[in-house]
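What's in my_file.csv: CSV, C-alpha atoms and all ligand atoms
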```csv
chain,number,residue,atom,x,y,z
O,1,MET,CA,-13.3,9.4,-14.2
O,2,ILE,CA,-9.6,8.6,-13.4
O,3,THR,CA,-9.3,5.0,-12.0
O,4,THR,CA,-7.1,4.1,-9.0
O,5,HIS,CA,-4.8,2.2,-11.4
O,6,GLU,CA,-4.2,5.3,-13.4
O,7,GLN,CA,-3.7,7.4,-10.2
O,8,VAL,CA,-1.1,4.9,-8.9
O,9,ARG,CA,0.6,4.7,-12.3
O,10,SER,CA,0.9,8.5,-12.5
O,11,ASN,CA,2.3,8.5,-8.9
O,12,LEU,CA,5.0,5.9,-9.6
O,13,GLY,CA,7.9,6.2,-9.4
O,14,VAL,CA,9.4,5.8,-6.2
O,15,TYR,CA,7.4,4.1,-3.6
O,16,LEU,CA,8.4,4.4,0.1
O,17,VAL,CA,7.8,1.5,2.5
O,18,THR,CA,8.4,2.7,6.0
O,19,ALA,CA,10.9,1.0,8.4
O,20,GLU,CA,9.5,-0.6,11.6
O,21,PRO,CA,8.4,0.3,14.2
O,22,SER,CA,6.5,3.5,13.2
O,23,THR,CA,7.0,6.5,15.5
O,24,ASP,CA,6.6,10.3,15.1
O,25,ARG,CA,9.9,10.1,13.3
O,26,THR,CA,8.2,8.0,10.6
O,27,VAL,CA,5.8,10.9,9.9
O,28,GLU,CA,8.8,13.3,9.5
O,29,LEU,CA,10.5,10.7,7.3
O,30,ILE,CA,7.5,10.4,5.0
O,31,MET,CA,7.3,14.2,4.8
O,32,ALA,CA,10.9,14.4,3.8
O,33,ALA,CA,10.5,11.7,1.2
O,34,VAL,CA,7.4,13.4,-0.2
O,35,ALA,CA,9.3,16.7,-0.3
O,36,GLY,CA,11.9,14.8,-2.4
O,37,GLY,CA,9.3,13.6,-4.9
O,38,VAL,CA,7.9,10.3,-3.5
O,39,ARG,CA,4.2,10.0,-4.4
O,40,VAL,CA,3.3,6.5,-3.1
O,41,VAL,CA,3.8,5.6,0.6
O,42,GLN,CA,3.1,2.4,2.5
O,43,LEU,CA,3.0,2.4,6.3
O,44,ARG,CA,4.4,-0.9,7.3
O,45,ASP,CA,4.4,-1.8,11.0
O,46,LYS,CA,3.9,-5.4,11.9
O,47,ILE,CA,5.0,-4.8,15.5
O,48,ASN,CA,2.5,-2.3,16.8
O,49,SER,CA,-1.3,-2.6,17.2
O,50,THR,CA,-4.1,-1.6,14.9
O,51,ASP,CA,-4.9,1.4,17.2
O,52,HIS,CA,-1.3,2.6,16.8
O,53,ARG,CA,-1.4,2.2,13.1
O,54,ILE,CA,-4.7,4.1,13.0
O,55,ARG,CA,-3.1,7.0,15.0
O,56,MET,CA,-0.1,7.0,12.7
O,57,LEU,CA,-2.3,7.0,9.5
O,58,ARG,CA,-4.4,9.9,10.9
O,59,GLN,CA,-1.3,12.0,11.4
O,60,ILE,CA,0.1,11.1,8.0
O,61,VAL,CA,-3.2,11.9,6.2
O,62,HIS,CA,-3.4,15.2,8.1
O,63,ARG,CA,0.1,16.2,7.1
O,64,LEU,CA,-0.4,15.1,3.5
O,65,ALA,CA,-3.7,16.9,3.1
O,66,GLY,CA,-4.0,18.5,-0.3
O,67,SER,CA,-1.3,16.4,-1.9
O,68,ALA,CA,-2.0,13.6,-4.4
O,69,VAL,CA,0.1,11.1,-2.5
O,70,THR,CA,-1.2,7.5,-2.6
O,71,LEU,CA,-1.2,6.1,1.0
O,72,VAL,CA,-1.6,2.4,1.9
O,73,VAL,CA,-1.1,0.4,5.1
O,74,ASN,CA,0.4,-3.0,5.1
O,75,ASP,CA,-2.0,-5.9,5.8
O,76,ASP,CA,-4.5,-4.2,8.3
O,77,LEU,CA,-8.0,-3.9,6.9
O,78,ASP,CA,-9.4,-2.4,10.1
O,79,ALA,CA,-6.8,0.4,10.1
O,80,ALA,CA,-7.4,1.1,6.4
O,81,ALA,CA,-11.2,1.1,6.8
O,82,ALA,CA,-10.9,3.5,9.8
O,83,VAL,CA,-9.1,6.3,8.0
O,84,PRO,CA,-10.7,7.7,4.8
O,85,GLY,CA,-8.5,7.7,1.8
O,86,VAL,CA,-6.1,5.0,3.0
O,87,GLY,CA,-5.7,1.8,1.0
O,88,ILE,CA,-4.0,-1.5,1.8
O,89,HIS,CA,-1.1,-3.6,0.6
O,90,VAL,CA,-1.5,-7.4,1.1
O,91,GLY,CA,0.7,-10.4,0.4
O,92,PRO,CA,-0.4,-13.9,-0.9
O,93,ASP,CA,-0.8,-15.2,2.7
O,94,ASP,CA,-2.8,-12.2,3.9
O,95,LEU,CA,-6.5,-11.5,3.3
O,96,HIS,CA,-7.6,-11.8,-0.4
O,97,PRO,CA,-7.5,-8.5,-2.3
O,98,ALA,CA,-11.2,-9.0,-3.4
O,99,VAL,CA,-12.2,-9.0,0.3
O,100,ALA,CA,-10.3,-5.8,0.9
O,101,ARG,CA,-11.9,-4.2,-2.2
O,102,SER,CA,-15.4,-5.1,-1.1
O,103,ARG,CA,-14.8,-3.5,2.3
O,104,LEU,CA,-12.8,-0.4,1.2
O,105,GLY,CA,-14.6,0.5,-2.1
O,106,VAL,CA,-13.2,1.6,-5.4
O,107,ASP,CA,-11.7,4.9,-4.4
O,108,VAL,CA,-8.6,3.7,-2.5
O,109,CYS,CA,-5.5,1.9,-3.7
O,110,ILE,CA,-5.1,-1.9,-3.2
O,111,GLY,CA,-1.7,-3.5,-3.8
O,112,TRP,CA,-0.7,-7.1,-3.9
O,113,SER,CA,2.6,-8.8,-3.6
O,114,ILE,CA,3.4,-11.5,-6.1
O,115,HIS,CA,5.9,-14.2,-5.0
O,116,ASP,CA,5.7,-16.5,-8.0
O,117,LEU,CA,4.1,-16.5,-11.4
O,118,ASP,CA,1.4,-19.1,-10.4
O,119,GLN,CA,-0.4,-16.3,-8.5
O,120,LEU,CA,-1.3,-14.8,-11.9
O,121,ARG,CA,-3.9,-17.5,-12.2
O,122,ASP,CA,-6.0,-15.7,-9.6
O,123,ASP,CA,-8.1,-13.6,-11.9
O,124,GLN,CA,-10.3,-12.3,-9.0
O,125,ALA,CA,-7.2,-10.9,-7.2
O,126,LEU,CA,-5.9,-9.3,-10.4
O,127,ALA,CA,-9.3,-7.7,-11.0
O,128,ALA,CA,-9.3,-6.3,-7.5
O,129,VAL,CA,-5.9,-4.7,-7.3
O,130,ASP,CA,-4.4,-1.4,-8.5
O,131,TYR,CA,-0.8,-2.5,-8.7
O,132,VAL,CA,1.3,-5.6,-8.1
O,133,ALA,CA,4.7,-5.9,-6.5
O,134,ALA,CA,7.4,-8.3,-7.6
O,135,SER,CA,8.4,-9.5,-4.2
O,136,PRO,CA,11.4,-9.6,-3.8
O,137,VAL,CA,13.5,-8.6,-6.8
O,138,TRP,CA,16.7,-9.3,-4.9
O,139,PRO,CA,17.5,-10.6,-1.5
O,140,THR,CA,17.5,-8.0,1.2
O,141,PRO,CA,18.7,-7.8,4.9
O,142,THR,CA,15.5,-5.7,5.6
O,143,LYS,CA,13.3,-8.7,5.2
O,144,ILE,CA,14.9,-12.1,5.5
O,145,ASP,CA,11.8,-14.3,5.2
O,146,THR,CA,11.2,-13.5,1.6
O,147,SER,CA,10.4,-15.9,-1.3
O,148,THR,CA,12.9,-16.8,-4.0
O,149,PRO,CA,14.0,-13.5,-5.7
O,150,PHE,CA,12.6,-12.7,-9.1
O,151,GLY,CA,15.8,-11.1,-10.4
O,152,LEU,CA,15.6,-8.9,-13.5
O,153,GLN,CA,14.6,-11.9,-15.7
O,154,GLY,CA,11.7,-12.6,-13.4
O,155,VAL,CA,10.5,-9.0,-13.4
O,156,ARG,CA,10.5,-9.1,-17.2
O,157,ARG,CA,8.4,-12.3,-17.2
O,158,LEU,CA,6.0,-10.9,-14.7
O,159,ARG,CA,5.6,-7.7,-16.8
O,160,ASP,CA,4.9,-9.8,-19.9
O,161,ARG,CA,2.2,-11.9,-18.3
O,162,LEU,CA,0.4,-9.1,-16.3
O,163,PRO,CA,-2.6,-7.3,-17.7
O,164,ALA,CA,-1.1,-4.3,-19.5
O,165,GLU,CA,-3.1,-1.8,-17.4
O,166,LEU,CA,-1.8,-3.1,-14.1
O,167,PRO,CA,1.2,-1.1,-12.8
O,168,LEU,CA,4.2,-3.3,-11.6
O,169,VAL,CA,6.5,-2.3,-8.7
O,170,GLY,CA,9.7,-4.0,-7.8
O,171,ILE,CA,10.7,-4.4,-4.1
O,172,GLY,CA,13.7,-5.8,-2.3
O,173,GLY,CA,17.3,-4.8,-2.4
O,174,ILE,CA,16.7,-1.8,-4.6
O,175,ASP,CA,18.8,1.4,-4.3
O,176,LEU,CA,20.1,4.2,-6.4
O,177,GLY,CA,22.7,1.9,-8.0
O,178,ASN,CA,20.2,-0.6,-9.4
O,179,ALA,CA,16.8,1.1,-9.7
O,180,ALA,CA,17.3,1.8,-13.4
O,181,GLU,CA,17.7,-1.9,-14.1
O,182,VAL,CA,14.4,-2.7,-12.5
O,183,ILE,CA,12.7,0.0,-14.5
O,184,GLY,CA,14.5,-1.3,-17.6
O,185,ALA,CA,13.0,-4.7,-16.9
O,186,GLY,CA,9.5,-3.3,-17.2
O,187,ALA,CA,8.6,-2.1,-13.7
O,188,ASP,CA,6.7,1.1,-13.4
O,189,GLY,CA,8.2,1.9,-10.0
O,190,VAL,CA,10.6,0.8,-7.3
O,191,ALA,CA,9.6,0.3,-3.6
O,192,VAL,CA,12.3,0.9,-1.1
O,193,VAL,CA,12.8,0.8,2.6
O,194,SER,CA,16.5,1.3,3.4
O,195,ALA,CA,17.4,3.4,0.4
O,196,ILE,CA,15.4,6.2,1.9
O,197,CYS,CA,14.8,5.3,5.6
O,198,ALA,CA,18.5,4.6,6.3
O,199,ALA,CA,19.8,7.6,4.4
O,200,ASP,CA,21.5,10.4,6.3
O,201,ASP,CA,19.3,12.8,4.3
O,202,PRO,CA,16.1,11.1,3.3
O,203,ARG,CA,14.8,14.0,1.3
O,204,ARG,CA,18.0,14.1,-0.8
O,205,ALA,CA,18.0,10.3,-1.1
O,206,ALA,CA,14.3,10.4,-2.4
O,207,GLN,CA,15.2,13.2,-4.8
O,208,ASP,CA,18.1,11.3,-6.3
O,209,LEU,CA,16.1,8.1,-6.6
O,210,VAL,CA,13.1,9.9,-8.2
O,211,ALA,CA,15.5,11.6,-10.7
O,212,GLU,CA,17.0,8.2,-11.6
O,213,VAL,CA,13.7,6.5,-12.0
O,214,ASP,CA,12.2,9.3,-14.0
O,215,GLN,CA,15.2,9.3,-16.3
O,216,SER,CA,15.0,5.5,-16.8
O,217,LYS,CA,11.4,5.7,-17.7
O,218,GLU,CA,12.0,8.4,-20.2
O,219,GLY,CA,14.7,6.4,-21.8
O,220,ARG,CA,12.8,3.2,-22.4
O,301,LIG,N1,8.8,-6.7,1.4
O,301,LIG,P1,14.8,-2.8,1.2
O,301,LIG,S1,11.2,-7.1,0.6
O,301,LIG,C1,9.0,-4.8,3.0
O,301,LIG,O1,9.7,-9.2,-0.8
O,301,LIG,C2,9.6,-5.8,2.1
O,301,LIG,O2,7.8,-8.7,0.0
O,301,LIG,C3,9.6,-7.4,0.6
O,301,LIG,O3,13.6,-3.4,1.9
O,301,LIG,C4,9.0,-8.5,-0.1
O,301,LIG,O4,14.3,-1.7,0.3
O,301,LIG,C5,10.9,-5.8,1.7
O,301,LIG,O5,15.6,-2.2,2.4
O,301,LIG,C6,12.0,-5.0,2.3
O,301,LIG,O6,15.6,-3.9,0.5
O,301,LIG,C7,12.6,-4.1,1.3
```
Turn the structure described in the file into structure tokens.
Amino acid sequence: MITTHEQVRSNLGVYLVTAEPSTDRTVELIMAAVAGGVRVVQLRDKINSTDHRIRMLRQIVHRLAGSAVTLVVNDDLDAAAAVPGVGIHVGPDDLHPAVARSRLGVDVCIGWSIHDLDQLRDDQALAAVDYVAASPVWPTPTKIDTSTPFGLQGVRRLRDRLPAELPLVGIGGIDLGNAAEVIGAGADGVAVVSAICAADDPRRAAQDLVAEVDQSKEGR
């Protein structure tokens, strides 16, 4: 049986985190990014209600039917539990990943943001998750309340100390111009908001980023 870690690893890559708030346009943006090669998507909407997030997730799942895209929702266990196939992404101040795992089961993806290396002492969390995110790699205007950025050196350290089978994603300040460096530092994927959501042509932006990341992974 293929594990969710392996599924996520094979879908990384480029990981789209949606810009807030989510609307019907978000669904079209996700479809454009997926047409451009994105295979991991996080619905992130801290503004609207759980009911809104559930409606959005249902639409997205319907539109993605038959694809192998990994879909997670940011920090809303009730929304994830309400829509089959949807996993969750949590941060260190959100619910514990092991609680999410016990509610959602083994077949959906659970991701965890790491803000500092001390979090790696939490064996239960590491055992519960399918990927971790170095959060943030660089400062970003998209989210100003982030922790101290890891930088490329921090991403390397994180990769060295993580269990080998756990995929690592970088997030924060990543675009076409620097994605290769994040992959070169040991990340399996790059998570982006503005590089795709703020692009004039999100499909093209996704395609270019996917090509850059794929090429960087081949070259290491
Ligand atoms: N989380 P952009 S940084 C949603 O550090 C998010 O946890 C972050 O946006 C974290 O790709 C971030 O536009 C925003 O820099 C990333």
(message) Show me, as a ChimeraX atom specification, the residues that have an atom within 8 Å of range 112-125 of chain O when counting all atoms listed in the file, minus same-chain residues fewer than 6 positions from it.
(response) /O:89-92,96-98,131-136,147-148,150,158,161-162
Sorted per-residue table, chain O near ligand LIG 301 (chain O), closest atoms and distance, 10 Å, only C-alpha atoms and all ligand atoms, as CSV:
```
residue,atom,partner,partner_atom,distance
O:Tyr15,CA,O:LIG301,O4,9.8
O:Leu16,CA,O:LIG301,O4,8.5
O:Val17,CA,O:LIG301,C1,6.4
O:Thr18,CA,O:LIG301,C1,8.1
O:Ala19,CA,O:LIG301,C1,8.1
O:Glu20,CA,O:LIG301,C1,9.6
O:Gln42,CA,O:LIG301,C1,9.3
O:Leu43,CA,O:LIG301,C1,9.9
O:Arg44,CA,O:LIG301,C1,7.4
O:Asp45,CA,O:LIG301,C1,9.7
O:Asn74,CA,O:LIG301,C1,9.0
O:Val90,CA,O:LIG301,O2,9.5
O:Gly91,CA,O:LIG301,O2,7.3
O:Pro92,CA,O:LIG301,O2,9.8
O:Trp112,CA,O:LIG301,O2,9.5
O:Ser113,CA,O:LIG301,O2,6.3
O:Ile114,CA,O:LIG301,O2,8.0
O:His115,CA,O:LIG301,O1,7.6
O:Ala133,CA,O:LIG301,O2,7.7
O:Ala134,CA,O:LIG301,O1,7.2
O:Ser135,CA,O:LIG301,O1,3.7
O:Pro136,CA,O:LIG301,O1,3.5
O:Val137,CA,O:LIG301,O1,7.1
O:Trp138,CA,O:LIG301,O6,7.7
O:Pro139,CA,O:LIG301,O6,7.2
O:Thr140,CA,O:LIG301,O6,4.6
O:Pro141,CA,O:LIG301,O6,6.6
O:Thr142,CA,O:LIG301,O5,4.7
O:Lys143,CA,O:LIG301,C6,4.9
O:Ile144,CA,O:LIG301,S1,7.9
O:Asp145,CA,O:LIG301,O1,8.1
O:Thr146,CA,O:LIG301,O1,5.1
O:Ser147,CA,O:LIG301,O1,6.8
O:Thr148,CA,O:LIG301,O1,8.8
O:Pro149,CA,O:LIG301,O1,7.8
O:Phe150,CA,O:LIG301,O1,9.5
O:Gly170,CA,O:LIG301,O1,8.7
O:Ile171,CA,O:LIG301,S1,5.4
O:Gly172,CA,O:LIG301,O6,3.9
O:Gly173,CA,O:LIG301,O6,3.5
O:Ile174,CA,O:LIG301,O4,5.5
O:Asp175,CA,O:LIG301,O4,7.1
O:Val190,CA,O:LIG301,O4,8.8
O:Ala191,CA,O:LIG301,O4,6.4
O:Val192,CA,O:LIG301,O4,3.6
O:Val193,CA,O:LIG301,O4,3.7
O:Ser194,CA,O:LIG301,O5,3.7
O:Ala195,CA,O:LIG301,O4,6.0
O:Ile196,CA,O:LIG301,O4,8.1
O:Cys197,CA,O:LIG301,O5,8.2
O:Ala198,CA,O:LIG301,O5,8.4
```
Applying 7 Å and only C-alpha atoms, which residues near Leu12 in chain O remain after dropping the ones on its own chain fewer than 6 positions away? List them as a short mmCIF file (atom, residue, chain, number, x, y, z; two decimals) with C-alpha atoms, in the coordinates of the input.
```cif
data_model
loop_
_atom_site.label_atom_id
_atom_site.label_comp_id
_atom_site.auth_asym_id
_atom_site.auth_seq_id
_atom_site.Cartn_x
_atom_site.Cartn_y
_atom_site.Cartn_z
CA ARG O 39 4.20 10.00 -4.40
CA VAL O 40 3.30 6.50 -3.10
CA ASP O 188 6.70 1.10 -13.40
CA GLY O 189 8.20 1.90 -10.00
#
```
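The interatomic distance for the pair CA of Pro202 in chain O and CA of Ala33 in chain O works out to 6.0 Å.
Shortest separation to Leu64 in chain O among O:Val213, O:Ala80, O:Ala32, O:Leu166 occurs at residue O:Ala32, atoms counted being all atoms listed in the file.
Note that CA of Ser49 in chain O and CA of Thr26 in chain O are 15.7 Å apart.
CA of Gly36 in chain O sits 10.2 Å away from CA of Asp201 in chain O.
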(request) Give me the residues within 12 Å of Gly13 in chain O as number ranges by chain, counting only C-alpha atoms and dropping any in the same chain fewer than 4 places off. (result) O: 7-9, 34, 36-41, 69-70, 167-170, 179-180, 182-183, 187-192, 206-218
(message) Give me, as a count of residues only, all polymer residues having an atom no more than 10 Å from Asp107 in chain O, counting all atoms listed in the file and skipping those fewer than 4 positions away in the same chain.
(response) 8
